[in-house]
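Quick notes on the structure that follows.
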Amino acid sequence: MSNQIHIDIQVPAEYAGQRFDQIAADLIPDYSRARLQAWIKGGQLTVDGRTAKPKDKLYGGEQLQLRAELEPQGEWQAQEMALDIVYEDDDLLVINKPAGLVVHPAAGNPDGTLLNGLLAHCPGQQNIPRAGIVHRLDKDTTGLMVVAKTLPAQVDLVDQLKERTVSRQYDAIVQGNLSGGGTVEAPIGRHRTNRLKMAVLDFGGKEAITHYRLQERYRAQTLVRCQLETGRTHQIRVHMAHIHHPLVGDPLYGGRSKVPPGAYPELISALQQFPRQALHAAELALYHPVTGEPMHWSAPMPEDMLQLIQLLRDDNH
């Protein structure tokens, strides 16, 4: 991926009287407004060869010239790791994330994250904010994630997430019996007292909508398919706990596992010792950021969830 950006574009007459930064955002949509404004202020984006202020009015006919270089976006280190790549082209890649892999470096996980692995797999990612990561999965959630390989692809994918044209469907094993599907529409924000947790908030939360449908019922658990309309931190985990059906194995929101009366010791042990929240990002669909073609991927359920489901099915008989 080339780090050099060379763009020359003439301002059409119909933009007469509009601000330089607004015109630039319209004519050069592959880059975010914030980045274009930084280039204007830094003199990399000029009008007729001269620097101008973002709020300056243009009259049409001017020549915009962008000469910029993408710079590394963080001090992260590339680290070789085996990535389960489901799909890759010049603009994006789709990964099937295993349990236990943190997506992005943070205080408790300075390295060994998916981001470090992405930098080793594709060094050009260092020039893209967050190495092209546009959405995250919790450390112990498995399944599909899309990563942008170029700045224009990242801008487009972020827009698609905002416009809700990205479809993300998850398989979850929840506590208790659900009689049917439904929708949870309840705002989510940081928990008032436990800063590690998110919570449904009456005031100050962000809009959060989860649709769920029943897939299989067991004696004291249910397999559901959840579809995210919004993408808040821990959204499915918080919403299912909110309706009193927390995920099996969820250390933050789950409480003790319900055990069906008279269950086999093997099932009791599997339910009580399931090592993570039983959540898997199974389906991902979006429009290709360059071609506009609809694309769809699916990832098989991981072995630990399959084994638990088999034990739950056996217990049903």
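As shown in the structure tokens, the chain order sets the letters A, B, ...; within each chain, residues go from 1, and ligands are also counted from 1 in the order they appear.
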
(message) At a cut-off of 9 Å, using only C-alpha atoms, what residues contact segment 22-35 of chain A? Leave out same-chain residues fewer than 5 positions from it and give the result as a list in words.
(response)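 What passes the distance filter is Ile7, Ile9, Val11, Tyr15, Ile40, Leu45, Pro54, Lys55, Leu58, Leu64, Leu151, Pro152, Ala153, Gln154, Val155 and Asp156 of chain A.
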
Would you save the residues of that selection, restricted to N, CA and C atoms, as a compact mmCIF listing (two decimals), in the first residue's frame?
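Contents of part_20.txt, as written:
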```txt
# COMPACT_ATOMS: atom_id res chain seq x y z
N ILE A 7 -3.87 13.92 -5.06
CA ILE A 7 -5.20 14.14 -5.62
C ILE A 7 -5.27 15.56 -6.17
N ILE A 9 -8.21 18.04 -8.04
CA ILE A 9 -9.64 18.06 -8.35
C ILE A 9 -10.11 19.49 -8.50
N VAL A 11 -12.99 22.42 -8.36
CA VAL A 11 -14.24 22.68 -7.63
C VAL A 11 -15.34 23.03 -8.64
N TYR A 15 -20.63 24.65 -6.20
CA TYR A 15 -20.17 24.78 -4.82
C TYR A 15 -19.87 26.24 -4.44
N ILE A 40 -5.70 20.51 5.62
CA ILE A 40 -5.88 21.92 5.24
C ILE A 40 -5.01 22.80 6.13
N LEU A 45 -3.30 20.25 1.84
CA LEU A 45 -4.44 20.41 0.94
C LEU A 45 -4.58 21.90 0.64
N PRO A 54 -9.88 26.47 6.75
CA PRO A 54 -11.02 25.58 6.54
C PRO A 54 -12.32 26.34 6.26
N LYS A 55 -12.50 27.52 6.90
CA LYS A 55 -13.77 28.22 6.76
C LYS A 55 -13.82 29.19 5.58
N LEU A 58 -15.18 29.34 -1.14
CA LEU A 58 -14.66 29.17 -2.50
C LEU A 58 -15.76 29.57 -3.50
N LEU A 64 -8.18 22.14 -6.32
CA LEU A 64 -7.73 21.62 -5.03
C LEU A 64 -6.62 20.62 -5.29
N LEU A 151 -7.48 3.50 4.14
CA LEU A 151 -8.25 4.57 4.78
C LEU A 151 -9.63 4.74 4.15
N PRO A 152 -9.73 4.78 2.82
CA PRO A 152 -11.07 4.91 2.22
C PRO A 152 -12.01 3.78 2.64
N ALA A 153 -11.50 2.55 2.71
CA ALA A 153 -12.33 1.42 3.13
C ALA A 153 -12.78 1.60 4.58
N GLN A 154 -11.88 2.12 5.42
CA GLN A 154 -12.25 2.33 6.81
C GLN A 154 -13.36 3.37 6.94
N VAL A 155 -13.21 4.48 6.22
CA VAL A 155 -14.25 5.53 6.26
C VAL A 155 -15.59 4.95 5.82
N ASP A 156 -15.57 4.15 4.75
CA ASP A 156 -16.81 3.57 4.22
C ASP A 156 -17.43 2.59 5.22
```

How close does segment 140-254 of chain A get to segment 267-272 of chain A? List, as a Markdown table, each residue of segment 140-254 of chain A within 12 Å, its nearest atom pair and the distance in Å to one decimal, counting only C-alpha atoms.
```
| residue | atom | partner | partner_atom | distance |
| --- | --- | --- | --- | --- |
| A:Ile173 | CA | A:Leu271 | CA | 10.5 |
| A:Val174 | CA | A:Leu271 | CA | 10.9 |
| A:Gln175 | CA | A:Leu271 | CA | 9.9 |
| A:Tyr218 | CA | A:Leu267 | CA | 12.0 |
| A:Arg219 | CA | A:Leu267 | CA | 11.7 |
| A:Ala220 | CA | A:Leu271 | CA | 10.5 |
| A:Gln221 | CA | A:Leu271 | CA | 9.8 |
| A:Leu247 | CA | A:Leu271 | CA | 10.9 |
| A:Val248 | CA | A:Leu271 | CA | 7.1 |
| A:Gly249 | CA | A:Leu271 | CA | 7.3 |
| A:Asp250 | CA | A:Gln272 | CA | 10.7 |
| A:Pro251 | CA | A:Gln272 | CA | 11.1 |
| A:Gly254 | CA | A:Gln272 | CA | 11.0 |
```

Same residues, C-alpha atoms, saved as a PDB file, in the first residue's frame:
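The resulting file, part03.pdb, is reproduced below:
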```pdb
ATOM      1  CA  ILE A 173     -26.551 -19.843  24.889  1.00  0.00           C
ATOM      2  CA  VAL A 174     -28.589 -18.103  27.586  1.00  0.00           C
ATOM      3  CA  GLN A 175     -29.876 -19.092  31.008  1.00  0.00           C
ATOM      4  CA  TYR A 218     -33.293 -27.098  26.483  1.00  0.00           C
ATOM      5  CA  ARG A 219     -34.544 -27.823  29.990  1.00  0.00           C
ATOM      6  CA  ALA A 220     -32.933 -24.797  31.665  1.00  0.00           C
ATOM      7  CA  GLN A 221     -31.116 -22.994  28.809  1.00  0.00           C
ATOM      8  CA  LEU A 247     -25.351 -15.742  28.872  1.00  0.00           C
ATOM      9  CA  VAL A 248     -24.021 -19.053  30.143  1.00  0.00           C
ATOM     10  CA  GLY A 249     -20.479 -18.598  31.498  1.00  0.00           C
ATOM     11  CA  ASP A 250     -20.625 -14.784  31.567  1.00  0.00           C
ATOM     12  CA  PRO A 251     -18.340 -13.736  34.442  1.00  0.00           C
ATOM     13  CA  GLY A 254     -24.194 -14.124  34.366  1.00  0.00           C
TER      14      GLY A 254
END
```

(request) Using only C-alpha atoms, determine which residues lie at most 6 Å from Ala120 of chain A, disregarding the query and same-chain residues fewer than 3 positions distant; provide the list as an NGL selection string. (result) :A and (78-80 or 117 or 123)

Preceding selection exported with C-alpha atoms as a PDB file, in the first residue's frame:
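Saved to part_22.pdb:
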```pdb
ATOM      1  CA  ALA A  78       4.023  -6.051  14.848  1.00  0.00           C
ATOM      2  CA  GLN A  79       3.813  -9.572  16.304  1.00  0.00           C
ATOM      3  CA  GLU A  80       3.567 -12.749  14.281  1.00  0.00           C
ATOM      4  CA  GLY A 117      -1.015  -9.642  14.642  1.00  0.00           C
ATOM      5  CA  PRO A 123       2.459  -3.786   7.668  1.00  0.00           C
TER       6      PRO A 123
END
```

(request) Could you check which of A:His245, A:Pro302, A:Met198, A:Leu286 is closest to Asp159 of chain A, using only C-alpha atoms? (result)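 Comparing A:His245, A:Pro302, A:Met198, A:Leu286 against Asp159 of chain A, the winner is A:Leu286.
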
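Minimum distance to Ile188 of chain A across A:Val86, A:Leu214, A:Val158, A:Val238 (counting only C-alpha atoms) occurs at A:Val238.
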
Residues near Ile236 of chain A, anyone? I mean within 10 Å using only C-alpha atoms, not counting same-chain ones fewer than 6 positions away, as a compact mmCIF listing (two decimals) with C-alpha atoms, in the first residue's frame.
```txt
# COMPACT_ATOMS: atom_id res chain seq x y z
CA TYR A 170 -24.51 -13.91 17.00
CA ALA A 172 -25.69 -17.21 22.28
CA VAL A 184 -34.59 -5.42 23.55
CA ALA A 208 -28.99 0.12 21.97
CA ILE A 209 -31.22 -2.34 20.08
CA THR A 210 -30.85 -6.13 20.00
CA HIS A 211 -33.20 -8.48 18.14
CA TYR A 212 -33.23 -12.12 19.21
CA CYS A 226 -29.10 -12.25 18.24
CA GLN A 227 -28.91 -9.53 15.62
CA LEU A 228 -27.33 -6.21 16.53
CA HIS A 242 -31.56 -7.20 31.47
CA PRO A 246 -27.88 -13.83 30.96
CA LEU A 247 -25.35 -15.74 28.87
CA LEU A 279 -21.28 -15.96 22.50
```

(request) May I have the residues within 10 Å of Ala199 of chain A as a ChimeraX atom specification, using only C-alpha atoms and disregarding those fewer than 6 positions away in the same chain? (result) /A:186-192,205,233-235,237-239,241-242,253

(request) Using DSSP on the backbone coordinates, identify all residues within segment 4-253 of chain A classified as helix (DSSP H, G or I); present the result as a PyMOL selection string. (result) chain A and resi 13-15+20-27+33-42+114-121+123-127+129-132+151-163+235-242

(request) In Å, rounded to a single decimal, give me how far atom CA of Gln160 of chain A is from atom CA of Arg130 of chain A. (result)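 Straight-line distance from atom CA of Arg130 of chain A to atom CA of Gln160 of chain A works out to 17.3 Å.
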
(request) Mind listing the strand (DSSP E or B) residues of segment 1-45 of chain A, per DSSP on the backbone, as a ChimeraX atom specification? (result) /A:4-10,19,45

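Comparing the minimum interatomic distances between Thr222 of chain A and each of A:Asp171, A:Glu283, A:Glu163, A:Glu266, counting only C-alpha atoms, we find that A:Asp171 sits nearest.
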
Could you give me, as a CSV table (one decimal) with N, CA and C atoms, in the first residue's frame, the residues within 9 Å of Gly60 of chain A, counting only C-alpha atoms and dropping anything in the same chain fewer than 3 positions from it?
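In the end it all went to around38.csv:
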```csv
chain,number,residue,atom,x,y,z
A,10,GLN,N,-10.9,19.7,-9.5
A,10,GLN,CA,-11.5,21.1,-9.7
A,10,GLN,C,-12.8,21.3,-9.0
A,11,VAL,N,-13.0,22.4,-8.4
A,11,VAL,CA,-14.2,22.7,-7.6
A,11,VAL,C,-15.3,23.0,-8.6
A,12,PRO,N,-16.4,22.2,-8.7
A,12,PRO,CA,-17.5,22.5,-9.6
A,12,PRO,C,-18.2,23.9,-9.2
A,13,ALA,N,-18.8,24.5,-10.2
A,13,ALA,CA,-19.4,25.8,-10.1
A,13,ALA,C,-20.5,25.8,-9.0
A,14,GLU,N,-21.2,24.7,-8.9
A,14,GLU,CA,-22.4,24.7,-7.9
A,14,GLU,C,-22.0,24.8,-6.5
A,15,TYR,N,-20.6,24.7,-6.2
A,15,TYR,CA,-20.2,24.8,-4.8
A,15,TYR,C,-19.9,26.2,-4.4
A,16,ALA,N,-20.1,27.2,-5.3
A,16,ALA,CA,-19.8,28.6,-5.1
A,16,ALA,C,-20.4,29.0,-3.7
A,17,GLY,N,-19.6,29.7,-2.9
A,17,GLY,CA,-20.1,30.2,-1.7
A,17,GLY,C,-20.0,29.3,-0.5
A,63,GLN,N,-8.7,25.0,-8.2
A,63,GLN,CA,-8.0,23.6,-8.2
A,63,GLN,C,-7.6,23.2,-6.8
```
